[in-house]
Structures are given as C-alpha cells and as structure tokens.
$ cat structure21.txt   # compact mmCIF, C-alpha atoms
# COMPACT_ATOMS: atom_id res chain seq x y z
CA MET A 223 0.00 0.00 0.00
CA SER A 224 1.39 3.37 -0.95
CA GLU A 225 2.19 6.09 1.56
CA LYS A 226 -0.09 9.14 1.71
CA TRP A 227 1.02 12.64 2.50
CA ASN A 228 -1.13 15.69 3.03
CA ILE A 229 0.37 18.63 1.23
CA ILE A 230 -0.69 22.13 0.29
CA LEU A 231 -0.16 22.89 -3.36
CA LYS A 232 0.23 26.59 -4.08
CA VAL A 233 -0.09 27.44 -7.75
CA LEU A 234 0.81 30.87 -9.08
CA ARG A 235 -2.12 31.99 -11.17
CA GLN A 236 -1.87 34.81 -13.66
CA LYS A 237 -3.95 35.46 -16.70
CA GLN A 238 -2.99 38.08 -19.26
CA GLY A 239 -3.22 41.56 -17.82
CA GLU A 240 -4.50 40.38 -14.43
CA THR A 241 -2.86 40.59 -11.03
CA SER A 242 -1.12 37.34 -10.14
CA HIS A 243 -1.89 35.39 -6.99
CA PHE A 244 -1.37 31.99 -5.44
CA ASP A 245 -4.28 29.54 -5.27
CA GLU A 246 -4.00 26.91 -2.57
CA TYR A 247 -5.19 23.34 -2.86
CA LYS A 248 -5.14 20.76 -0.07
CA MET A 249 -4.02 17.53 -1.67
CA ASP A 250 -3.37 13.91 -0.75
CA ALA A 251 -0.18 12.86 -2.46
CA ASP A 252 1.95 9.77 -2.68
CA PRO A 253 5.49 10.96 -1.93
CA ASP A 254 6.72 8.75 -4.75
CA GLU A 255 4.54 10.32 -7.39
CA TYR A 256 5.70 13.27 -9.42
CA VAL A 257 4.93 16.94 -9.00
CA LEU A 258 3.28 16.97 -12.43
CA ASP A 259 0.84 14.27 -11.29
CA VAL A 260 -0.41 16.49 -8.46
CA VAL A 261 -0.76 19.51 -10.74
CA GLU A 262 -2.71 17.35 -13.17
CA ARG A 263 -5.03 16.18 -10.38
CA VAL A 264 -5.77 19.78 -9.48
CA TRP A 265 -6.72 20.41 -13.09
CA ALA A 266 -8.73 17.16 -13.34
CA PHE A 267 -10.67 17.34 -10.08
CA LYS A 268 -10.47 20.81 -8.57
CA ASP A 269 -9.93 23.57 -11.10
CA ARG A 270 -10.18 23.15 -14.87
CA THR A 271 -8.88 26.66 -15.48
CA VAL A 272 -5.33 25.91 -14.32
CA CYS A 273 -3.05 26.16 -17.37
CA PHE A 274 0.17 24.17 -17.62
CA ARG A 275 2.18 22.40 -20.29
CA HIS A 276 2.92 18.70 -20.37
CA ALA A 277 3.18 15.92 -22.89
CA CYS A 278 5.49 12.93 -22.61
CA HIS A 279 5.70 12.39 -18.83
CA HIS A 280 9.20 10.91 -19.17
CA SER A 281 11.58 13.87 -19.50
CA THR A 282 11.83 13.82 -23.27
CA CYS A 283 9.58 16.64 -24.45
CA GLY A 284 10.75 19.31 -21.99
CA ALA A 285 7.27 20.80 -21.74
CA CYS A 286 6.64 20.61 -18.00
CA GLY A 287 9.47 22.77 -16.66
CA MET A 288 8.35 24.86 -13.68
CA ARG A 289 9.71 26.49 -10.55
CA VAL A 290 8.99 24.15 -7.66
CA ASN A 291 9.63 25.56 -4.20
CA ASP A 292 11.91 28.21 -5.73
CA ALA A 293 14.01 25.84 -7.83
CA GLU A 294 13.74 24.95 -11.50
CA LYS A 295 12.47 21.40 -12.00
CA LEU A 296 11.21 19.19 -14.75
CA THR A 297 8.02 18.26 -12.92
CA CYS A 298 7.46 14.92 -14.67
CA ILE A 299 10.58 13.46 -13.05
CA THR A 300 10.58 15.35 -9.74
CA TYR A 301 9.32 13.21 -6.87
CA ILE A 302 7.11 14.87 -4.27
CA ARG A 303 9.44 13.59 -1.52
CA GLU A 304 12.39 15.40 -3.12
CA VAL A 305 10.78 18.82 -2.76
CA THR A 306 8.48 18.76 0.26
CA ARG A 307 7.43 16.72 3.30
CA ASP A 308 4.24 15.37 4.82
CA GLY A 309 2.20 18.41 5.86
CA GLY A 310 4.47 20.65 3.81
CA THR A 311 3.86 23.11 1.01
CA LEU A 312 4.55 22.69 -2.66
CA LYS A 313 4.83 26.04 -4.40
CA VAL A 314 4.60 25.87 -8.18
CA GLU A 315 5.40 28.86 -10.39
CA PRO A 316 6.12 29.40 -14.08
CA LEU A 317 9.70 29.51 -15.34
CA ARG A 318 11.40 32.88 -15.03
CA ASN A 319 12.70 35.02 -17.88
CA PHE A 320 9.96 34.05 -20.31
CA PRO A 321 6.71 36.00 -20.75
CA VAL A 322 3.78 34.28 -19.10
CA VAL A 323 0.98 33.21 -21.39
CA SER A 324 -1.29 31.92 -18.64
CA ASP A 325 -0.67 30.55 -15.13
CA LEU A 326 2.25 28.10 -15.49
CA VAL A 327 2.55 28.39 -19.26
CA VAL A 328 5.31 30.60 -20.62
CA ASP A 329 6.07 31.68 -24.17
CA MET A 330 9.29 29.92 -25.09
CA GLY A 331 9.31 31.18 -28.66
CA SER A 332 12.50 33.19 -28.12
CA LEU A 333 14.37 30.03 -27.08
CA TYR A 334 13.15 28.04 -30.07
CA ARG A 335 13.99 30.83 -32.52
CA ARG A 336 17.52 31.17 -31.14
CA LEU A 337 18.08 27.42 -31.17
CA GLU A 338 17.12 27.48 -34.83
CA ALA A 339 19.43 30.44 -35.47
CA VAL A 340 22.46 28.51 -34.21
CA GLY A 341 21.38 25.39 -36.06
CA ALA A 342 20.99 23.35 -32.88
CA ARG A 343 20.24 19.81 -33.90
CA SER A 344 17.72 17.50 -32.30
CA VAL A 345 19.62 14.45 -33.47
CA LEU A 346 23.35 13.92 -33.88
CA PRO A 347 25.40 11.42 -35.89
CA ALA A 348 26.64 8.83 -33.40
CA PRO A 349 30.38 9.66 -33.78
CA GLU A 350 29.65 13.31 -32.92
CA ALA A 351 27.54 12.55 -29.87
CA GLU A 352 29.02 12.67 -26.41
CA ILE A 353 28.61 9.19 -25.02
CA GLU A 354 30.04 7.72 -21.88
CA LYS A 355 32.42 5.18 -23.38
CA PRO A 356 32.93 5.98 -27.05
CA PRO A 357 34.70 3.36 -29.13
CA SER A 358 38.23 4.22 -30.16
CA ARG A 359 37.17 3.69 -33.78
CA TRP A 360 33.71 3.89 -35.23
CA SER A 361 32.87 1.23 -37.77
CA SER A 362 31.08 2.25 -40.94
CA ASP A 363 28.00 0.50 -39.57
CA ASP A 364 28.07 2.58 -36.39
CA GLU A 365 28.51 5.77 -38.34
CA GLN A 366 25.12 5.49 -39.92
CA TYR A 367 23.42 5.66 -36.52
CA ILE A 368 22.13 8.86 -35.06
CA ARG A 369 21.00 9.61 -31.55
CA LEU A 370 18.84 12.25 -29.91
CA ALA A 371 20.75 15.29 -28.74
CA ASP A 372 20.60 15.65 -24.98
CA CYS A 373 18.96 19.09 -24.82
CA ILE A 374 15.20 18.73 -24.48
CA GLU A 375 14.63 22.50 -24.82
CA CYS A 376 12.85 22.72 -21.47
CA GLY A 377 14.17 26.21 -20.69
CA LEU A 378 15.12 25.44 -17.06
CA CYS A 379 18.67 26.73 -17.69
CA ILE A 380 17.40 30.08 -18.91
CA SER A 381 15.05 30.39 -15.95
CA ALA A 382 17.87 29.67 -13.48
CA CYS A 383 20.50 31.83 -15.17
CA PRO A 384 21.10 35.18 -13.40
CA ALA A 385 22.53 36.71 -16.58
CA ALA A 386 19.42 35.74 -18.54
CA ALA A 387 17.30 37.52 -15.92
CA THR A 388 18.81 40.89 -16.76
CA SER A 389 19.21 40.74 -20.53
CA SER A 390 16.54 39.73 -23.01
CA ASP A 391 19.15 39.66 -25.80
CA TYR A 392 21.40 37.10 -24.12
CA LEU A 393 21.43 33.94 -26.21
CA GLY A 394 21.26 31.85 -23.06
CA PRO A 395 22.80 28.55 -21.93
CA ALA A 396 20.73 26.15 -24.05
CA VAL A 397 21.39 28.08 -27.24
CA LEU A 398 25.11 28.42 -26.59
CA ALA A 399 25.24 24.71 -25.77
CA GLY A 400 23.56 24.04 -29.12
CA ALA A 401 26.18 26.19 -30.88
CA GLN A 402 28.97 24.33 -29.08
CA ALA A 403 27.53 20.96 -30.11
CA ASN A 404 27.71 22.14 -33.72
CA GLY A 405 31.29 23.31 -33.32
CA LEU A 406 32.80 26.57 -34.53
CA LYS A 407 35.24 24.87 -36.89
CA LEU A 408 32.45 23.24 -38.85
CA ASN A 409 30.20 26.28 -38.55
CA PRO A 410 32.37 29.41 -38.75
CA GLU A 411 29.28 31.57 -39.27
CA LEU A 412 28.46 31.00 -35.60
CA LEU A 413 31.68 32.63 -34.42
CA ASN A 414 30.46 36.23 -34.52
CA MET A 415 27.15 35.28 -33.00
CA VAL A 416 28.59 33.56 -29.94
CA ASP A 417 31.66 35.80 -29.61
CA SER A 418 29.60 38.83 -28.70
CA GLU A 419 28.23 40.83 -25.80
CA ASP A 420 25.10 38.71 -25.78
CA GLY A 421 26.95 35.48 -26.50
CA VAL A 422 29.39 33.58 -24.31
CA TRP A 423 30.77 36.74 -22.68
CA ARG A 424 27.42 37.57 -21.08
CA CYS A 425 27.74 34.39 -18.98
CA HIS A 426 28.91 35.23 -15.44
CA SER A 427 29.94 31.67 -14.55
CA ALA A 428 27.15 31.06 -12.06
CA PHE A 429 26.86 27.46 -13.32
CA GLU A 430 23.17 27.44 -12.32
CA CYS A 431 22.29 26.16 -15.80
CA THR A 432 24.30 23.00 -15.30
CA ALA A 433 22.91 22.54 -11.80
CA VAL A 434 19.28 22.54 -12.96
CA CYS A 435 19.65 20.81 -16.34
CA PRO A 436 17.56 17.60 -16.15
CA SER A 437 19.24 16.16 -19.21
CA PHE A 438 22.92 16.44 -18.25
CA VAL A 439 23.71 18.74 -21.16
CA ASP A 440 26.09 20.66 -18.88
CA PRO A 441 25.59 24.01 -20.67
CA ALA A 442 28.15 25.81 -18.49
CA ARG A 443 30.93 23.45 -19.55
CA ARG A 444 29.90 23.93 -23.18
CA ILE A 445 29.96 27.72 -22.79
CA MET A 446 33.46 27.52 -21.32
CA ASP A 447 34.48 25.25 -24.18
CA LEU A 448 33.09 27.79 -26.65
CA ARG A 449 35.19 30.48 -24.97
CA THR A 450 38.29 28.35 -25.43
CA GLN A 451 37.36 27.72 -29.08
CA ILE A 452 36.81 31.46 -29.63
CA PHE A 453 40.11 32.31 -27.95
CA LYS A 454 41.98 29.83 -30.14
CA GLU A 455 40.18 31.01 -33.24
CA ARG A 456 40.85 34.71 -32.59
CA VAL A 457 44.47 34.26 -31.52
CA GLY A 458 45.09 31.80 -34.36
CA GLY A 459 43.50 34.33 -36.71
CA LEU A 460 46.08 36.95 -35.71
CA PHE A 461 48.91 34.63 -36.71
CA ARG A 462 47.19 33.62 -39.92
CA LYS A 463 46.89 37.30 -40.89
CA ALA A 464 50.52 37.92 -40.01
CA MET B 101 -7.03 31.22 0.92
CA ILE B 102 -5.63 33.53 -1.74
CA TRP B 103 -2.60 35.84 -1.65
CA ARG B 104 -2.68 38.76 -4.03
CA LEU B 105 0.63 39.97 -5.47
CA LYS B 106 1.02 43.11 -7.53
CA VAL B 107 2.83 41.39 -10.36
CA ASP B 108 1.71 41.27 -13.96
CA THR B 109 2.86 39.00 -16.72
CA GLN B 110 5.37 41.53 -18.05
CA HIS B 111 7.40 41.09 -14.89
CA ASN B 112 8.42 37.62 -15.90
CA ARG B 113 10.47 38.95 -18.82
CA PRO B 114 14.22 39.61 -18.52
CA SER B 115 15.03 43.16 -17.50
CA PRO B 116 18.15 45.01 -16.27
CA SER B 117 16.13 46.06 -13.21
CA LYS B 118 16.18 42.41 -12.13
CA PHE B 119 19.82 42.65 -11.07
CA TRP B 120 18.48 42.53 -7.51
CA ASN B 121 17.78 38.85 -8.17
CA TRP B 122 21.53 38.34 -8.30
CA PHE B 123 21.51 38.81 -4.54
CA ASN B 124 18.53 36.59 -3.86
CA PRO B 125 19.84 33.45 -2.15
CA VAL B 126 16.57 31.49 -2.45
CA GLY B 127 16.93 28.36 -4.54
CA ARG B 128 20.62 28.91 -5.29
CA GLN B 129 23.06 26.04 -5.84
CA THR B 130 26.67 26.13 -4.59
CA SER B 131 27.81 27.79 -7.80
CA GLY B 132 25.06 30.36 -7.40
CA TRP B 133 26.37 31.20 -3.94
CA ALA B 134 29.83 31.63 -5.45
CA PHE B 135 28.31 33.97 -8.04
CA MET B 136 26.65 36.01 -5.26
CA LEU B 137 29.83 36.06 -3.20
CA GLN B 138 31.74 37.50 -6.14
CA ARG B 139 29.23 40.32 -6.57
CA VAL B 140 28.89 41.15 -2.89
CA THR B 141 32.67 41.28 -2.39
CA ALA B 142 33.11 43.35 -5.56
CA LEU B 143 30.57 45.91 -4.35
CA GLY B 144 32.12 45.89 -0.87
CA LEU B 145 35.62 46.49 -2.26
CA THR B 146 34.37 49.31 -4.51
CA PHE B 147 32.64 50.92 -1.53
CA TYR B 148 35.85 50.53 0.48
CA LEU B 149 37.88 52.28 -2.21
CA PHE B 150 35.82 55.45 -1.78
CA LEU B 151 35.85 55.13 2.01
CA HIS B 152 39.62 54.70 1.87
CA LEU B 153 40.05 57.93 -0.10
CA ILE B 154 37.75 59.83 2.27
CA ILE B 155 39.64 58.63 5.37
CA LEU B 156 43.03 59.32 3.77
CA GLY B 157 41.73 62.82 3.03
CA GLN B 158 41.99 63.49 6.79
CA LEU B 159 45.77 63.59 6.39
CA ALA B 160 45.40 66.82 4.47
CA ASN B 161 44.21 68.52 7.68
CA GLY B 162 47.71 68.98 9.13
CA PRO B 163 49.24 67.47 12.32
CA GLN B 164 45.92 67.43 14.16
CA GLY B 165 44.37 65.49 11.30
CA TYR B 166 47.30 63.05 11.32
CA ASP B 167 46.90 62.38 15.08
CA SER B 168 43.20 61.76 14.81
CA PHE B 169 43.84 59.51 11.77
CA ILE B 170 46.35 57.41 13.73
CA ALA B 171 43.96 57.16 16.67
CA LEU B 172 41.20 56.01 14.35
CA VAL B 173 43.21 53.34 12.51
CA SER B 174 44.62 51.95 15.78
CA SER B 175 41.18 51.24 17.25
CA PRO B 176 40.05 47.57 17.39
CA VAL B 177 36.85 48.43 15.51
CA PHE B 178 38.91 49.84 12.63
CA ILE B 179 41.23 46.84 12.61
CA ALA B 180 38.21 44.52 12.54
CA SER B 181 36.83 46.56 9.63
CA GLU B 182 40.15 46.27 7.84
CA LEU B 183 40.06 42.51 8.37
CA ILE B 184 36.65 42.44 6.67
CA VAL B 185 38.18 44.30 3.71
CA VAL B 186 41.09 41.87 3.61
CA ALA B 187 38.65 38.94 3.79
CA GLY B 188 36.62 40.44 0.94
CA ALA B 189 39.71 40.88 -1.21
CA ILE B 190 40.91 37.32 -0.53
CA LEU B 191 37.50 35.78 -1.21
CA HIS B 192 37.06 37.85 -4.37
CA GLY B 193 40.57 37.11 -5.61
CA LEU B 194 40.46 33.36 -5.05
CA ASN B 195 36.94 33.02 -6.40
CA GLY B 196 38.09 35.09 -9.38
CA ILE B 197 40.92 32.63 -10.01
CA ARG B 198 38.29 29.86 -10.11
CA ILE B 199 36.31 31.81 -12.70
CA ILE B 200 39.41 32.46 -14.84
CA LEU B 201 40.43 28.81 -14.69
CA THR B 202 36.98 27.55 -15.63
CA THR B 203 36.69 30.14 -18.40
CA PHE B 204 39.68 28.52 -20.06
CA GLY B 205 38.42 25.02 -19.54
CA VAL B 206 40.38 24.11 -16.40
CA SER B 207 38.44 22.17 -13.79
CA VAL B 208 35.06 23.06 -15.29
CA THR B 209 33.44 19.81 -14.28
CA ARG B 210 34.97 20.11 -10.81
CA GLN B 211 34.33 23.80 -10.30
CA LYS B 212 32.27 23.11 -7.17
CA GLN B 213 35.09 21.21 -5.51
CA LEU B 214 37.51 23.90 -6.66
CA PHE B 215 35.28 26.51 -5.03
CA TYR B 216 35.20 24.62 -1.73
CA ALA B 217 38.99 24.13 -1.78
CA LEU B 218 39.63 27.80 -2.51
CA MET B 219 37.22 28.88 0.23
CA VAL B 220 39.05 26.69 2.75
CA LEU B 221 42.31 28.28 1.58
CA ALA B 222 40.70 31.73 1.91
CA LEU B 223 39.60 30.94 5.46
CA ILE B 224 43.12 29.87 6.42
CA ILE B 225 44.63 33.05 4.93
CA ILE B 226 42.00 35.24 6.62
CA VAL B 227 42.73 33.63 10.02
CA ILE B 228 46.48 34.20 9.53
CA PHE B 229 45.82 37.83 8.59
CA GLY B 230 43.49 38.23 11.59
CA ILE B 231 46.07 36.88 14.04
CA HIS B 232 48.77 39.08 12.56
CA MET B 233 46.61 42.22 12.52
CA PHE B 234 45.33 41.89 16.08
CA THR B 235 48.68 40.87 17.62
CA ALA B 236 51.08 43.10 15.70

$ encode --input "structure21.txt" --output "structure tokens"
Amino acid sequence: MSEKWNIILKVLRQKQGETSHFDEYKMDADPDEYVLDVVERVWAFKDRTVCFRHACHHSTCGACGMRVNDAEKLTCITYIREVTRDGGTLKVEPLRNFPVVSDLVVDMGSLYRRLEAVGARSVLPAPEAEIEKPPSRWSSDDEQYIRLADCIECGLCISACPAAATSSDYLGPAVLAGAQANGLKLNPELLNMVDSEDGVWRCHSAFECTAVCPSFVDPARRIMDLRTQIFKERVGGLFRKA
Amino acid sequence: MIWRLKVDTQHNRPSPSKFWNWFNPVGRQTSGWAFMLQRVTALGLTFYLFLHLIILGQLANGPQGYDSFIALVSSPVFIASELIVVAGAILHGLNGIRIILTTFGVSVTRQKQLFYALMVLALIIIVIFGIHMFTA
C-alpha cells in the first residue's frame, strides 16, 4: 500500500493583464509520485482553469518545466518527496525570464527561434555525440546511426541563469550549448554570433544552468568550451593574418 | 485562501532592473552562492575604495588630522573593519581565479570542488591575517 502525504499545493495563477496570486489546494499525495501528477489532479478534479504544459511524462519533451519551491524542476521526473514533506507546502510557479501566457505556461518562442538560429540539432550522428564510453574507432555500420541530442529545450537553464534575468538579448545557456555541439570549426558563421556581448561573454559563470539541467547537457561546460574555441580562433586568426 | 501579489505577466520577462535577483539566495546552488559572493565582495571592495580615499583625506588637515587619523586606525573596531576588507579581497581574488580557470576550460566539471577548496584556503589566509593584525 502506498504512503499518503497531506500537502498544500500553491499554484501561481496569472492570466494576461491580471494581477497574479497563489491559489491553494489541499491535496493527498503519494510521496513517490511526481509533481506533475499532483498539478494534473488539481486540473482534473479541482480547477479546470489551471493552465500548464505537459506531454510525454518521461523527460523527453521538456514541456513541463516549472519552478517548484523556488528551484527549476522538470516536474514529470521530480518526486514529491524530493521537494516537500508530509504536511508541507509545494509552491509551483512558471519559469522565469519568459513571458507568461497563462498561469504556469510561458512563451518559449525566443528560445526556439535562437536554437534554430544557431542550427541546434535534435539528433546527432553517433560519432559526434558525447557518449560515456565511445569506441576508439567507429565502424562504418556505427557511423550510420544517429542519436537524440541531450537538450530537451525545457528552458530550465534560462530560468535559473542570473545573466538571462537581466538581458533579453542574451542567447542563453541552451542556445550556446547548441552552438557548441555544432562546433565553430564546422560552422564558422556562428563565431560572430557567440563571440559577442550577448553570446558567451554575457555568462557570469554562475553554473546554475548546469545545476538545474535535467538532461545532463552541462551548458556551463559547453559555454566555457566555446570560450576556449573562440580564444583559439581569434588568436590563431592573428597569426594567420601575419 | 488567496494571496494577491502586484505582479503582472510583463514582470516575468528579462530586464536590467532584475539585477536585484543576483543577490537573492533562495533556490541557489553552490555555484550560485559563489556567483553572489563575487558580486557582494566586488561591491564591498568598490565601496571601500571610496571610504579609503575619504579617510586618507583626513591627512590633508595637518598634524591634528594626522593624530586623529592614527587614533582612528589603531582602534580595534577599525582593525576589525580592515580585516573584513582583507577577507573580501581574498575571497574575491580566489573566487576570481576559479572563474578564470573555468573560463579557459580548467576544472570546469569540478568547479564546485575547486570553489570549496579555494574557500578553505581563503579561510586559512584570513585567520592568519586576523592573528597578525590583532597581535602586531
């Protein structure tokens, strides 16, 4: 028999142009169910006007990113017991740094447009993908395989990033990670885009993006790698000119 | 029960006025604390620079100014304040080294451990400075 906790779910409600507020719902919850399940139950049984995004329920679509008790979480894989306790409160808010469409739904169009601008790929050829134990040599059979890129475009990194909070023009961790995955050598047109005020140099090394990424993309490491690539490219360029 | 907040949907967009969030510790990870520490110490050191110039300005008031300056800087409260400045400089400097190293790809995946190690080193240096300043 599963354990039952009594929790108070506080959902930040805000419709276009209206004053925002928290609605409270007393809920029974299994500590081993996910935050998204509880939000869905509110919608199903208590309030059909609560707006939120969700689709796959297994951390692939990146739709259900929210702020849960002041931290960015992918709610479909965040256990209740990880974020609250029996008798505790579960505060759910929309992601930061994106305009709110309604309640917990934000407009992530800017992220998608920028990912497209840097040519971020949703699948990668196997030899280009970062895998735990890559073979020393890829056979021609292996080379025909592709795999999903790690970034699920959930936007948690942009919500957590302090630099993204203050600049709407900053490309942001996910986009820079996408540019890094493409590589500057193969895509020299990206150099000017990422080597700019709103590119890698806007990052203040808070590493919050890596801390909240549910997909182990490690955007901060990729941004630092881009900086190294840029440095090599620019310094190398000086010698090439000479 | 309902709480009403005076926030509209526009407030969720990025804005330079949100720099206050840089100092909000809620929900921060270790690296976020390091980020905050760097900003707080930077602001503290900048504030100190102006304070330093103002206090040094006393020396321009002749022998009487010099005597009162010496009396001021010899007081335990002033020495404790100086120790805070020294601590700020050490924390900012060592944390800055971490940022420079990670920027060029050194220890990026171990930046958290690097931060802890440098903070332990900072603590040791601050204690040595403190002993020296209060016993000299």

$ atom_distance --input "structure21.txt" --atom1 "CA of Phe274 in chain A" --atom2 "CA of Ser224 in chain A"
26.7 Å

$ interface_residues --input "structure21.txt" --of "chain B" --to "chain A" --cutoff "12 Å" --atoms "all atoms listed in the file" --output "VMD selection string"
chain B and resid 101 to 139 195 to 212 215

$ residues_near_point --input "structure21.txt" --point "(37.4, 46.7, -1.0)" --cutoff "12 Å" --atoms "only C-alpha atoms" --output "number ranges by chain"
B: 138-153, 181-193

$ closest_residue --input "structure21.txt" --among "A:Tyr367, A:Trp265, A:Tyr334, A:Trp227" --to "Asp308 in chain A" --atoms "all atoms listed in the file"
A:Trp227

$ atom_distance --input "structure21.txt" --atom1 "CA of Lys407 in chain A" --atom2 "CA of Gly458 in chain A"
12.3 Å

$ atom_distance --input "structure21.txt" --atom1 "CA of Val272 in chain A" --atom2 "CA of Ile302 in chain A"
19.4 Å

$ residues_around --input "structure21.txt" --residues "range 278-284 of chain A" --least-positions-apart "3" --cutoff "12 Å" --atoms "only C-alpha atoms" --output "MDAnalysis selection string"
chainID A and resid 255:259 262 275 287:288 295:300 330 344 370:379 435:438

$ closest_residue --input "structure21.txt" --among "A:Leu413, A:Ser332, A:Leu408, A:Glu352" --to "Leu393 in chain A" --atoms "only C-alpha atoms"
A:Ser332

$ residues_around --input "structure21.txt" --residues "Tyr166 in chain B" --least-positions-apart "6" --cutoff "12 Å" --atoms "all atoms listed in the file" --output "mmCIF file with C-alpha atoms, in the coordinates of the input"
data_model
loop_
_atom_site.group_PDB
_atom_site.id
_atom_site.type_symbol
_atom_site.label_atom_id
_atom_site.label_comp_id
_atom_site.auth_asym_id
_atom_site.auth_seq_id
_atom_site.Cartn_x
_atom_site.Cartn_y
_atom_site.Cartn_z
ATOM 1 C CA ILE B 155 39.640 58.630 5.370
ATOM 2 C CA LEU B 156 43.030 59.320 3.770
ATOM 3 C CA GLY B 157 41.730 62.820 3.030
ATOM 4 C CA GLN B 158 41.990 63.490 6.790
ATOM 5 C CA LEU B 159 45.770 63.590 6.390
ATOM 6 C CA ALA B 160 45.400 66.820 4.470
ATOM 7 C CA LEU B 172 41.200 56.010 14.350
ATOM 8 C CA VAL B 173 43.210 53.340 12.510
#

$ build_atoms --input "structure21.txt" --residues "range 164-186 of chain B" --atoms "N, CA and C atoms" --output "PDB file, in the frame of the given file"
ATOM      1  N   GLN B 164      47.088  67.839  13.364  1.00  0.00           N
ATOM      2  CA  GLN B 164      45.920  67.430  14.160  1.00  0.00           C
ATOM      3  C   GLN B 164      45.150  66.316  13.430  1.00  0.00           C
ATOM      4  N   GLY B 165      45.040  66.482  12.133  1.00  0.00           N
ATOM      5  CA  GLY B 165      44.370  65.490  11.300  1.00  0.00           C
ATOM      6  C   GLY B 165      45.129  64.168  11.329  1.00  0.00           C
ATOM      7  N   TYR B 166      46.466  64.255  11.298  1.00  0.00           N
ATOM      8  CA  TYR B 166      47.300  63.050  11.320  1.00  0.00           C
ATOM      9  C   TYR B 166      47.085  62.289  12.634  1.00  0.00           C
ATOM     10  N   ASP B 167      47.077  63.019  13.760  1.00  0.00           N
ATOM     11  CA  ASP B 167      46.900  62.380  15.080  1.00  0.00           C
ATOM     12  C   ASP B 167      45.549  61.684  15.173  1.00  0.00           C
ATOM     13  N   SER B 168      44.527  62.382  14.726  1.00  0.00           N
ATOM     14  CA  SER B 168      43.200  61.760  14.810  1.00  0.00           C
ATOM     15  C   SER B 168      43.097  60.560  13.863  1.00  0.00           C
ATOM     16  N   PHE B 169      43.822  60.627  12.725  1.00  0.00           N
ATOM     17  CA  PHE B 169      43.840  59.510  11.770  1.00  0.00           C
ATOM     18  C   PHE B 169      44.494  58.279  12.410  1.00  0.00           C
ATOM     19  N   ILE B 170      45.641  58.516  13.075  1.00  0.00           N
ATOM     20  CA  ILE B 170      46.350  57.410  13.730  1.00  0.00           C
ATOM     21  C   ILE B 170      45.498  56.798  14.840  1.00  0.00           C
ATOM     22  N   ALA B 171      44.826  57.661  15.596  1.00  0.00           N
ATOM     23  CA  ALA B 171      43.960  57.160  16.670  1.00  0.00           C
ATOM     24  C   ALA B 171      42.837  56.302  16.109  1.00  0.00           C
ATOM     25  N   LEU B 172      42.315  56.748  14.977  1.00  0.00           N
ATOM     26  CA  LEU B 172      41.200  56.010  14.350  1.00  0.00           C
ATOM     27  C   LEU B 172      41.668  54.637  13.845  1.00  0.00           C
ATOM     28  N   VAL B 173      42.785  54.610  13.122  1.00  0.00           N
ATOM     29  CA  VAL B 173      43.210  53.340  12.510  1.00  0.00           C
ATOM     30  C   VAL B 173      43.782  52.355  13.536  1.00  0.00           C
ATOM     31  N   SER B 174      44.093  52.857  14.743  1.00  0.00           N
ATOM     32  CA  SER B 174      44.620  51.950  15.780  1.00  0.00           C
ATOM     33  C   SER B 174      43.510  51.315  16.599  1.00  0.00           C
ATOM     34  N   SER B 175      42.275  51.776  16.421  1.00  0.00           N
ATOM     35  CA  SER B 175      41.180  51.240  17.250  1.00  0.00           C
ATOM     36  C   SER B 175      40.820  49.824  16.794  1.00  0.00           C
ATOM     37  N   PRO B 176      40.415  48.953  17.746  1.00  0.00           N
ATOM     38  CA  PRO B 176      40.050  47.570  17.390  1.00  0.00           C
ATOM     39  C   PRO B 176      38.915  47.506  16.370  1.00  0.00           C
ATOM     40  N   VAL B 177      37.987  48.453  16.457  1.00  0.00           N
ATOM     41  CA  VAL B 177      36.850  48.430  15.510  1.00  0.00           C
ATOM     42  C   VAL B 177      37.377  48.643  14.081  1.00  0.00           C
ATOM     43  N   PHE B 178      38.352  49.563  13.949  1.00  0.00           N
ATOM     44  CA  PHE B 178      38.910  49.840  12.630  1.00  0.00           C
ATOM     45  C   PHE B 178      39.692  48.625  12.113  1.00  0.00           C
ATOM     46  N   ILE B 179      40.451  48.023  13.030  1.00  0.00           N
ATOM     47  CA  ILE B 179      41.230  46.840  12.610  1.00  0.00           C
ATOM     48  C   ILE B 179      40.288  45.713  12.168  1.00  0.00           C
ATOM     49  N   ALA B 180      39.193  45.545  12.929  1.00  0.00           N
ATOM     50  CA  ALA B 180      38.210  44.520  12.540  1.00  0.00           C
ATOM     51  C   ALA B 180      37.617  44.857  11.160  1.00  0.00           C
ATOM     52  N   SER B 181      37.368  46.150  10.930  1.00  0.00           N
ATOM     53  CA  SER B 181      36.830  46.560   9.630  1.00  0.00           C
ATOM     54  C   SER B 181      37.837  46.278   8.519  1.00  0.00           C
ATOM     55  N   GLU B 182      39.104  46.541   8.837  1.00  0.00           N
ATOM     56  CA  GLU B 182      40.150  46.270   7.840  1.00  0.00           C
ATOM     57  C   GLU B 182      40.229  44.773   7.529  1.00  0.00           C
ATOM     58  N   LEU B 183      40.028  43.966   8.579  1.00  0.00           N
ATOM     59  CA  LEU B 183      40.060  42.510   8.370  1.00  0.00           C
ATOM     60  C   LEU B 183      38.925  42.088   7.432  1.00  0.00           C
ATOM     61  N   ILE B 184      37.774  42.748   7.573  1.00  0.00           N
ATOM     62  CA  ILE B 184      36.650  42.440   6.670  1.00  0.00           C
ATOM     63  C   ILE B 184      37.035  42.786   5.225  1.00  0.00           C
ATOM     64  N   VAL B 185      37.731  43.907   5.054  1.00  0.00           N
ATOM     65  CA  VAL B 185      38.180  44.300   3.710  1.00  0.00           C
ATOM     66  C   VAL B 185      39.170  43.265   3.163  1.00  0.00           C
ATOM     67  N   VAL B 186      40.106  42.869   4.027  1.00  0.00           N
ATOM     68  CA  VAL B 186      41.090  41.870   3.610  1.00  0.00           C
ATOM     69  C   VAL B 186      40.382  40.562   3.231  1.00  0.00           C
TER      70      VAL B 186
END
